[in-house]
Amino acid sequence: MSSILKGRIAPVLPDNIDTDIIYPGRYLNITDREKTTEHLFELAYPELRARIQPGDILVAGRNFGCGSSREQAAAAVKFAGLSAVIASSFARIFYRNAINLGLPLMVSPETVARAAEGDELEIDPARGVVHNRTRNESYTAAPLDPRAIELIEAGGLVPYLKRKHAKQPEQLAHV
Amino acid sequence: MPMTMAEQILARASGRARVTPDEVVVARVDLAMSHENADLVRKAFFEIGVDKVWDPDRIVIIFDHRIPAESERTAATHKAVREFVAAQGIRAFYDVGRGGICHQVLAERGHVSPGMVVVGTDSHTTTHGAFGAFATGIGATEMAGVWAEGELWFKVPSTLRIEVEGALGPFVSAKDLILYIIGQLGSDGADYRAVEFDGSAVRTMTVASRMTLANLSMEMGAKAAFTPVDQTLIEFLEQRVRGPIDVVTPDSGAHYERVIHINAGSELTEPQVACPHSVDNVRPVSTLEDIEVHQAVLGSCTNGRLEDFKVAAGILAGQRVHPRVRLLAIPASQQVYLDAMREGYLTTLVEAGAIINPPGCGPCVGVHQGILSAGENCISTTNRNFIGRMGSKDSNVYLASPAVVAASAIAGHIANPARVAEEVFV
Ligand code: SF4
């Protein structure tokens with residue numbers, strides 16, 4: 001990702017935020033991705049949704065997104081307007097789901113340790129750098145895999161594959 | 001170069017002679033399973049702009065999370081998936097009353113065999129490592145990509161090997177063993193990794209119990225989990241799988257990130273319980289006996305099989321469920337339902353005061369058929385006890401074996417089945 005993301009830190013969440021906390025199982029029959037965000041953190045942190053502004057960056061501890069494979073968890077985060085999630089670590093299915101929906105994620109325990117709600121961050125996912133402008137500190141993060149960056153830049157797996165499949169007939173025509 | 005189970009299977013599926021951990025490979029998918037969330041997959045699939053799935057014979061769809069439909073919205077998603085399945089020519093579709101919980105049905109109907117790459121839009125797809133498959137959960141959008149292309153990228157995981165020797169004591173089951181292991185390793189202790197279980201305690205287990213190990217491995221973050229491909233498994237598969245069975249075993253000398261040795265006889269002396277609100281908050285049952293129980297649940301992809309009903313019926317025979325407790329019993333599939341009926345287990349449970357829910361996920365994911373109120377405690381054979389998992393955010397779920405659930409249902413509080421069997425509470 002050539003671009004640098006800027007955003008304010010939304011509430012900082014603890015370790016082991018599971019998918020039931022992010023998106024309760026009772027709403028799994030909602031299959032419109034945009035609508036999922038109405039139930040983000042609804043059971044465990046009902047007040048949190050209102051504190052998130054479009055463009056904010058969510059920060060959390062270890063094992064963020066553990067539990068279910070429900071893609072609504074990643075969709076609810078994305079469609080709440082959060083521009084990225086930085087955590088000390090992510091559970092693997094959530095990680096893949098987020099990338100597939102075009103939501104950038106970064107693994108950076110250092111950033112998490114120093115983060116406070118309201119801090120302004122600048123993140124460079126490709127280089128693996130996070131700058132906290134409020135504190136004027138820089139932290140290292142695991143750089144995002146080029147494959148993940150390609151998917152995020154395309155807007156997610158669906159637009160990525162759409163472009164790929166749309167190209168095929170053209171290519172055939174040239175053979 | 002010797003390889004682990006995960007390495008061997010991913011090497012073969014990606015057409016390579018060998019792979020090593022952290023390498024990214026594109027593997028062909030042998031089986032793609034979805035439940036009701038096939039509706040989400042279907043939507044993403046059409047957004048990609050492809051009309052036909054890559055191979056309708058490699059897709060299995062099983063309704064289990066909300067059956068029969070509990071709301072109009074669910075009914076509409078069921079209907080949309082039925083129409084999709086018909087239009088695409090997907091034959092392995094298990095509608096309401098035809099199957100049961102997706103993982104149980106895949107196993108019973110012989111959809112999975114050793115060496116396969118199985119993906120499912122359900123995190124507990126790790127269950128199928130009990131059949132020697134590399135089986136893992138993925139999200140709906142990713143599944144749409146699989147439906148379109150029949151392949152998926154994987155980062156080759158490193159492997160933890162867990163060798164369990166010795167015999168499990170009376171009333172100590174595979175569930176207790178895996179809860180104990182999760183308690184030791186933590187809920188992210190196997191994150192991104194494959195797990196291989198082996199040792200005499202595992203090799204003497206039934207296939208149903210091995211499914212419990214592989215199923216709950218997800219709760220320590222495992223990407224895939226394997227139990228041995230041995231004679232016990234081959235006999236199970238021969239009755240169900242069409243075609244030859246490929247005996248895949250790890251190479252001797254394969255590299256493991258870590259080898260963990262457990263002596264079941266000396267370390268695991270009593271049943272284990274995972275306390276609210278995380279699966280790694282595990283304690284011995286005897287330390288929890290003052291906790292009141294309001295609901296007891298026997299079922300799920302973890303412990304809703306015939307052997308689980310047998311254990312529960314053995315403890316509940318001639319007993320009454322405590323007046324404070326609602327005991328919900330949910331066979332994991334139509335087949336388990338029929339078998340438990342024929343064996344008389346359901347009669348025993350109903351006589352004791354249980355209610356039998358239809359085969360499916362039931363209250364496990366907190367959408368219907370046994371929601372908890374604030375302030376209620378539930379002892380359950382399911383696999384997650386997160387905040388609000390089975391209802392109110394102020395309810396508590398304790399995870400345990402079928403024996404502990406049955407004993408607790410009688411006692412009205414969390415109870416050690418060994419003591420209930422001694423008639424301490426009668
Ligand atoms: S029984 Fe529970 S854990 Fe298993 S597939 Fe159903 S909802 Fe998921």
# chains A, B, ... in the order shown; residues from 1 in each chain; ligands from 1
$ residues_near_ligand --ligand "ligand 1" --cutoff "6 Å" --atoms "only C-alpha atoms and all ligand atoms" --output "ChimeraX atom specification"
/B:65,101,300-301,361,364-365,383
$ write_last_selection --atoms "all heavy atoms" --output "PDB file, in the first residue's frame"
ATOM      1  N   HIS B  65     -27.772 -24.231  11.953  1.00  0.00           N
ATOM      2  CA  HIS B  65     -27.730 -23.200  12.997  1.00  0.00           C
ATOM      3  C   HIS B  65     -29.104 -22.730  13.454  1.00  0.00           C
ATOM      4  O   HIS B  65     -29.285 -22.385  14.617  1.00  0.00           O
ATOM      5  CB  HIS B  65     -26.906 -21.994  12.524  1.00  0.00           C
ATOM      6  CG  HIS B  65     -25.436 -22.178  12.724  1.00  0.00           C
ATOM      7  ND1 HIS B  65     -24.763 -23.275  12.259  1.00  0.00           N
ATOM      8  CD2 HIS B  65     -24.518 -21.417  13.370  1.00  0.00           C
ATOM      9  CE1 HIS B  65     -23.474 -23.167  12.606  1.00  0.00           C
ATOM     10  NE2 HIS B  65     -23.307 -22.056  13.290  1.00  0.00           N
ATOM     11  N   ILE B 101     -26.084 -31.313  12.579  1.00  0.00           N
ATOM     12  CA  ILE B 101     -24.983 -30.347  12.657  1.00  0.00           C
ATOM     13  C   ILE B 101     -23.970 -30.665  11.559  1.00  0.00           C
ATOM     14  O   ILE B 101     -23.585 -31.819  11.354  1.00  0.00           O
ATOM     15  CB  ILE B 101     -24.305 -30.382  14.036  1.00  0.00           C
ATOM     16  CG1 ILE B 101     -25.330 -30.115  15.145  1.00  0.00           C
ATOM     17  CG2 ILE B 101     -23.175 -29.364  14.099  1.00  0.00           C
ATOM     18  CD1 ILE B 101     -24.779 -30.254  16.536  1.00  0.00           C
ATOM     19  N   SER B 300     -24.315 -30.504  20.571  1.00  0.00           N
ATOM     20  CA  SER B 300     -23.353 -29.750  19.749  1.00  0.00           C
ATOM     21  C   SER B 300     -22.396 -30.639  18.957  1.00  0.00           C
ATOM     22  O   SER B 300     -22.304 -31.851  19.176  1.00  0.00           O
ATOM     23  CB  SER B 300     -22.522 -28.754  20.568  1.00  0.00           C
ATOM     24  OG  SER B 300     -21.399 -29.390  21.134  1.00  0.00           O
ATOM     25  N   CYS B 301     -21.640 -29.979  18.071  1.00  0.00           N
ATOM     26  CA  CYS B 301     -20.647 -30.693  17.256  1.00  0.00           C
ATOM     27  C   CYS B 301     -19.514 -31.228  18.131  1.00  0.00           C
ATOM     28  O   CYS B 301     -18.751 -32.086  17.693  1.00  0.00           O
ATOM     29  CB  CYS B 301     -20.108 -29.778  16.166  1.00  0.00           C
ATOM     30  SG  CYS B 301     -19.433 -28.217  16.761  1.00  0.00           S
ATOM     31  N   CYS B 361     -27.767 -27.119  15.900  1.00  0.00           N
ATOM     32  CA  CYS B 361     -26.920 -26.399  16.851  1.00  0.00           C
ATOM     33  C   CYS B 361     -27.674 -26.001  18.106  1.00  0.00           C
ATOM     34  O   CYS B 361     -27.062 -25.753  19.152  1.00  0.00           O
ATOM     35  CB  CYS B 361     -26.347 -25.155  16.186  1.00  0.00           C
ATOM     36  SG  CYS B 361     -25.349 -25.567  14.742  1.00  0.00           S
ATOM     37  N   CYS B 364     -26.572 -23.531  21.234  1.00  0.00           N
ATOM     38  CA  CYS B 364     -25.117 -23.341  21.298  1.00  0.00           C
ATOM     39  C   CYS B 364     -24.686 -21.941  20.910  1.00  0.00           C
ATOM     40  O   CYS B 364     -23.783 -21.362  21.502  1.00  0.00           O
ATOM     41  CB  CYS B 364     -24.426 -24.366  20.406  1.00  0.00           C
ATOM     42  SG  CYS B 364     -22.658 -24.133  20.284  1.00  0.00           S
ATOM     43  N   VAL B 365     -25.349 -21.381  19.888  1.00  0.00           N
ATOM     44  CA  VAL B 365     -24.912 -20.073  19.394  1.00  0.00           C
ATOM     45  C   VAL B 365     -25.893 -18.959  19.800  1.00  0.00           C
ATOM     46  O   VAL B 365     -25.830 -17.835  19.323  1.00  0.00           O
ATOM     47  CB  VAL B 365     -24.610 -20.148  17.871  1.00  0.00           C
ATOM     48  CG1 VAL B 365     -25.871 -20.354  17.058  1.00  0.00           C
ATOM     49  CG2 VAL B 365     -23.821 -18.954  17.364  1.00  0.00           C
ATOM     50  N   ASN B 383     -18.901 -25.737  23.015  1.00  0.00           N
ATOM     51  CA  ASN B 383     -17.478 -25.408  22.932  1.00  0.00           C
ATOM     52  C   ASN B 383     -17.128 -23.941  23.156  1.00  0.00           C
ATOM     53  O   ASN B 383     -15.967 -23.571  23.049  1.00  0.00           O
ATOM     54  CB  ASN B 383     -16.928 -25.885  21.581  1.00  0.00           C
ATOM     55  CG  ASN B 383     -17.780 -25.395  20.430  1.00  0.00           C
ATOM     56  OD1 ASN B 383     -18.316 -24.302  20.475  1.00  0.00           O
ATOM     57  ND2 ASN B 383     -17.912 -26.209  19.391  1.00  0.00           N
TER      58      ASN B 383
END
$ residues_around --residues "region 70-80 of chain A" --least-positions-apart "4" --cutoff "10 Å" --atoms "only C-alpha atoms" --output "NGL selection string"
(:A and (18-25 or 27-41 or 49-50 or 52-56 or 58 or 65 or 84-85 or 93-104)) or (:B and (37 or 40 or 121-123 or 137-142))
$ residues_around --residues "region 135-147 of chain A" --least-positions-apart "6" --cutoff "7 Å" --atoms "only C-alpha atoms" --output "list of chain:residue names"
A:Met106, A:Val107, A:Ser108, A:Glu110, A:Thr111, A:Pro125, A:Ala126, A:Arg127, A:Gly128, A:Val129
$ residues_around --residues "Pro114 (chain B)" --least-positions-apart "6" --cutoff "12 Å" --atoms "only C-alpha atoms" --output "VMD selection string"
chain B and resid 5 to 6 8 to 9 30 107 128 to 135 226 to 230 233 to 234 237 to 238 241 243 to 250
$ write_last_selection --atoms "C-alpha atoms" --output "short mmCIF file (atom, residue, chain, number, x, y, z; two decimals), in the first residue's frame"
data_model
loop_
_atom_site.label_atom_id
_atom_site.label_comp_id
_atom_site.auth_asym_id
_atom_site.auth_seq_id
_atom_site.Cartn_x
_atom_site.Cartn_y
_atom_site.Cartn_z
CA MET B 5 0.53 -34.09 8.32
CA ALA B 6 -0.24 -30.47 7.43
CA GLN B 8 2.29 -33.35 3.41
CA ILE B 9 -1.30 -32.52 2.60
CA ASP B 30 -11.31 -31.04 -2.17
CA ALA B 107 -18.46 -37.32 9.14
CA HIS B 128 -12.29 -33.11 10.27
CA GLY B 129 -8.68 -33.53 11.19
CA ALA B 130 -10.07 -36.55 13.05
CA PHE B 131 -10.33 -38.08 9.56
CA GLY B 132 -6.81 -37.15 8.54
CA ALA B 133 -7.88 -34.13 6.47
CA PHE B 134 -6.35 -30.67 6.51
CA ALA B 135 -9.57 -28.96 7.52
CA PHE B 226 -5.05 -34.11 13.41
CA THR B 227 -5.58 -37.39 15.23
CA PRO B 228 -3.95 -40.61 13.95
CA VAL B 229 -4.99 -42.33 10.74
CA ASP B 230 -5.00 -45.83 12.22
CA LEU B 233 -10.28 -44.71 11.80
CA ILE B 234 -9.94 -46.89 8.73
CA LEU B 237 -14.22 -44.80 7.11
CA GLU B 238 -14.65 -48.11 5.31
CA VAL B 241 -16.43 -43.46 2.34
CA GLY B 243 -13.40 -45.22 -3.00
CA PRO B 244 -9.94 -46.03 -1.69
CA ILE B 245 -8.72 -44.61 1.61
CA ASP B 246 -5.37 -42.93 1.52
CA VAL B 247 -3.44 -43.71 4.71
CA VAL B 248 -1.67 -40.41 5.46
CA THR B 249 0.63 -40.38 8.47
CA PRO B 250 3.30 -37.89 9.54
#
$ residues_around --residues "region 337-340 of chain B" --least-positions-apart "6" --cutoff "12 Å" --atoms "only C-alpha atoms" --output "PyMOL selection string"
chain B and resi 97-101+104+299+304-313+329-331+346-350+356-360
$ select_by_dssp --residues "chain A" --states "alpha helix (DSSP H)" --output "VMD selection string"
chain A and resid 19 to 22 71 to 79 92 to 100 109 to 114 146 to 154 157 to 174
$ atom_distance --atom1 "CA of Ile414 (chain B)" --atom2 "CA of Phe386 (chain B)"
18.6 Å
$ select_by_dssp --residues "region 47-100 of chain A" --states "strand (DSSP E or B)" --output "PyMOL selection string"
chain A and resi 57-60+64+66+84-87+90
$ write_last_selection --atoms "all heavy atoms" --output "compact mmCIF listing (two decimals), in the first residue's frame"
# COMPACT_ATOMS: atom_id res chain seq x y z
N ILE A 57 -9.24 4.50 14.13
CA ILE A 57 -8.48 3.25 14.12
C ILE A 57 -8.77 2.51 15.42
O ILE A 57 -8.69 3.11 16.50
CB ILE A 57 -6.97 3.54 13.98
CG1 ILE A 57 -6.69 4.17 12.60
CG2 ILE A 57 -6.14 2.26 14.19
CD1 ILE A 57 -5.29 4.73 12.45
N LEU A 58 -9.14 1.24 15.31
CA LEU A 58 -9.43 0.45 16.51
C LEU A 58 -8.14 -0.19 17.00
O LEU A 58 -7.36 -0.72 16.20
CB LEU A 58 -10.46 -0.63 16.16
CG LEU A 58 -11.08 -1.38 17.34
CD1 LEU A 58 -11.93 -0.44 18.19
CD2 LEU A 58 -11.96 -2.52 16.82
N VAL A 59 -7.91 -0.14 18.31
CA VAL A 59 -6.71 -0.73 18.89
C VAL A 59 -7.14 -1.76 19.94
O VAL A 59 -8.05 -1.50 20.72
CB VAL A 59 -5.80 0.36 19.51
CG1 VAL A 59 -4.63 -0.27 20.26
CG2 VAL A 59 -5.28 1.30 18.42
N ALA A 60 -6.50 -2.93 19.92
CA ALA A 60 -6.88 -3.99 20.86
C ALA A 60 -5.66 -4.82 21.22
O ALA A 60 -4.63 -4.75 20.54
CB ALA A 60 -7.95 -4.87 20.23
N PHE A 64 -7.21 -10.72 18.99
CA PHE A 64 -8.44 -10.02 18.60
C PHE A 64 -9.18 -10.85 17.55
O PHE A 64 -8.59 -11.34 16.59
CB PHE A 64 -8.11 -8.64 18.02
CG PHE A 64 -9.33 -7.81 17.70
CD1 PHE A 64 -10.00 -7.13 18.71
CD2 PHE A 64 -9.81 -7.73 16.41
CE1 PHE A 64 -11.14 -6.37 18.43
CE2 PHE A 64 -10.96 -6.98 16.12
CZ PHE A 64 -11.62 -6.30 17.13
N CYS A 66 -10.93 -13.72 18.16
CA CYS A 66 -10.91 -15.17 18.37
C CYS A 66 -12.34 -15.70 18.37
O CYS A 66 -13.28 -14.97 18.65
CB CYS A 66 -10.18 -15.54 19.65
SG CYS A 66 -10.88 -14.84 21.14
N ALA A 84 -8.85 0.99 10.15
CA ALA A 84 -7.86 -0.08 10.34
C ALA A 84 -8.00 -0.61 11.77
O ALA A 84 -8.61 0.04 12.62
CB ALA A 84 -6.44 0.47 10.15
N VAL A 85 -7.45 -1.79 11.99
CA VAL A 85 -7.37 -2.33 13.35
C VAL A 85 -5.92 -2.66 13.63
O VAL A 85 -5.24 -3.28 12.81
CB VAL A 85 -8.22 -3.61 13.54
CG1 VAL A 85 -8.23 -4.03 15.01
CG2 VAL A 85 -9.65 -3.42 13.05
N ILE A 86 -5.43 -2.19 14.78
CA ILE A 86 -4.07 -2.54 15.22
C ILE A 86 -4.22 -3.35 16.49
O ILE A 86 -4.90 -2.92 17.43
CB ILE A 86 -3.22 -1.29 15.50
CG1 ILE A 86 -3.19 -0.38 14.26
CG2 ILE A 86 -1.80 -1.69 15.92
CD1 ILE A 86 -2.39 0.90 14.44
N ALA A 87 -3.61 -4.54 16.53
CA ALA A 87 -3.71 -5.37 17.73
C ALA A 87 -2.36 -6.01 18.01
O ALA A 87 -1.48 -6.04 17.15
CB ALA A 87 -4.78 -6.45 17.54
N PHE A 90 -3.84 -11.22 16.16
CA PHE A 90 -5.19 -11.50 15.68
C PHE A 90 -5.42 -13.00 15.60
O PHE A 90 -4.50 -13.76 15.31
CB PHE A 90 -5.37 -10.95 14.25
CG PHE A 90 -5.39 -9.45 14.18
CD1 PHE A 90 -4.21 -8.75 13.94
CD2 PHE A 90 -6.57 -8.74 14.34
CE1 PHE A 90 -4.22 -7.37 13.87
CE2 PHE A 90 -6.58 -7.36 14.27
CZ PHE A 90 -5.41 -6.67 14.04
$ residues_around --residues "Thr134 (chain A)" --least-positions-apart "2" --cutoff "12 Å" --atoms "only C-alpha atoms" --output "PyMOL selection string"
chain A and resi 7-9+114-122+131-132+136-138
$ atom_distance --atom1 "CA of Val119 (chain B)" --atom2 "CA of Thr4 (chain B)"
19.1 Å
$ closest_residue --among "A:Val112, A:Ala44, A:Leu105, A:Ile123" --to "chain B" --atoms "only C-alpha atoms"
A:Ala44
$ closest_residue --among "B:Tyr94, B:Phe154, B:Phe84, B:Tyr345" --to "Val117 (chain B)" --atoms "only C-alpha atoms"
B:Phe154
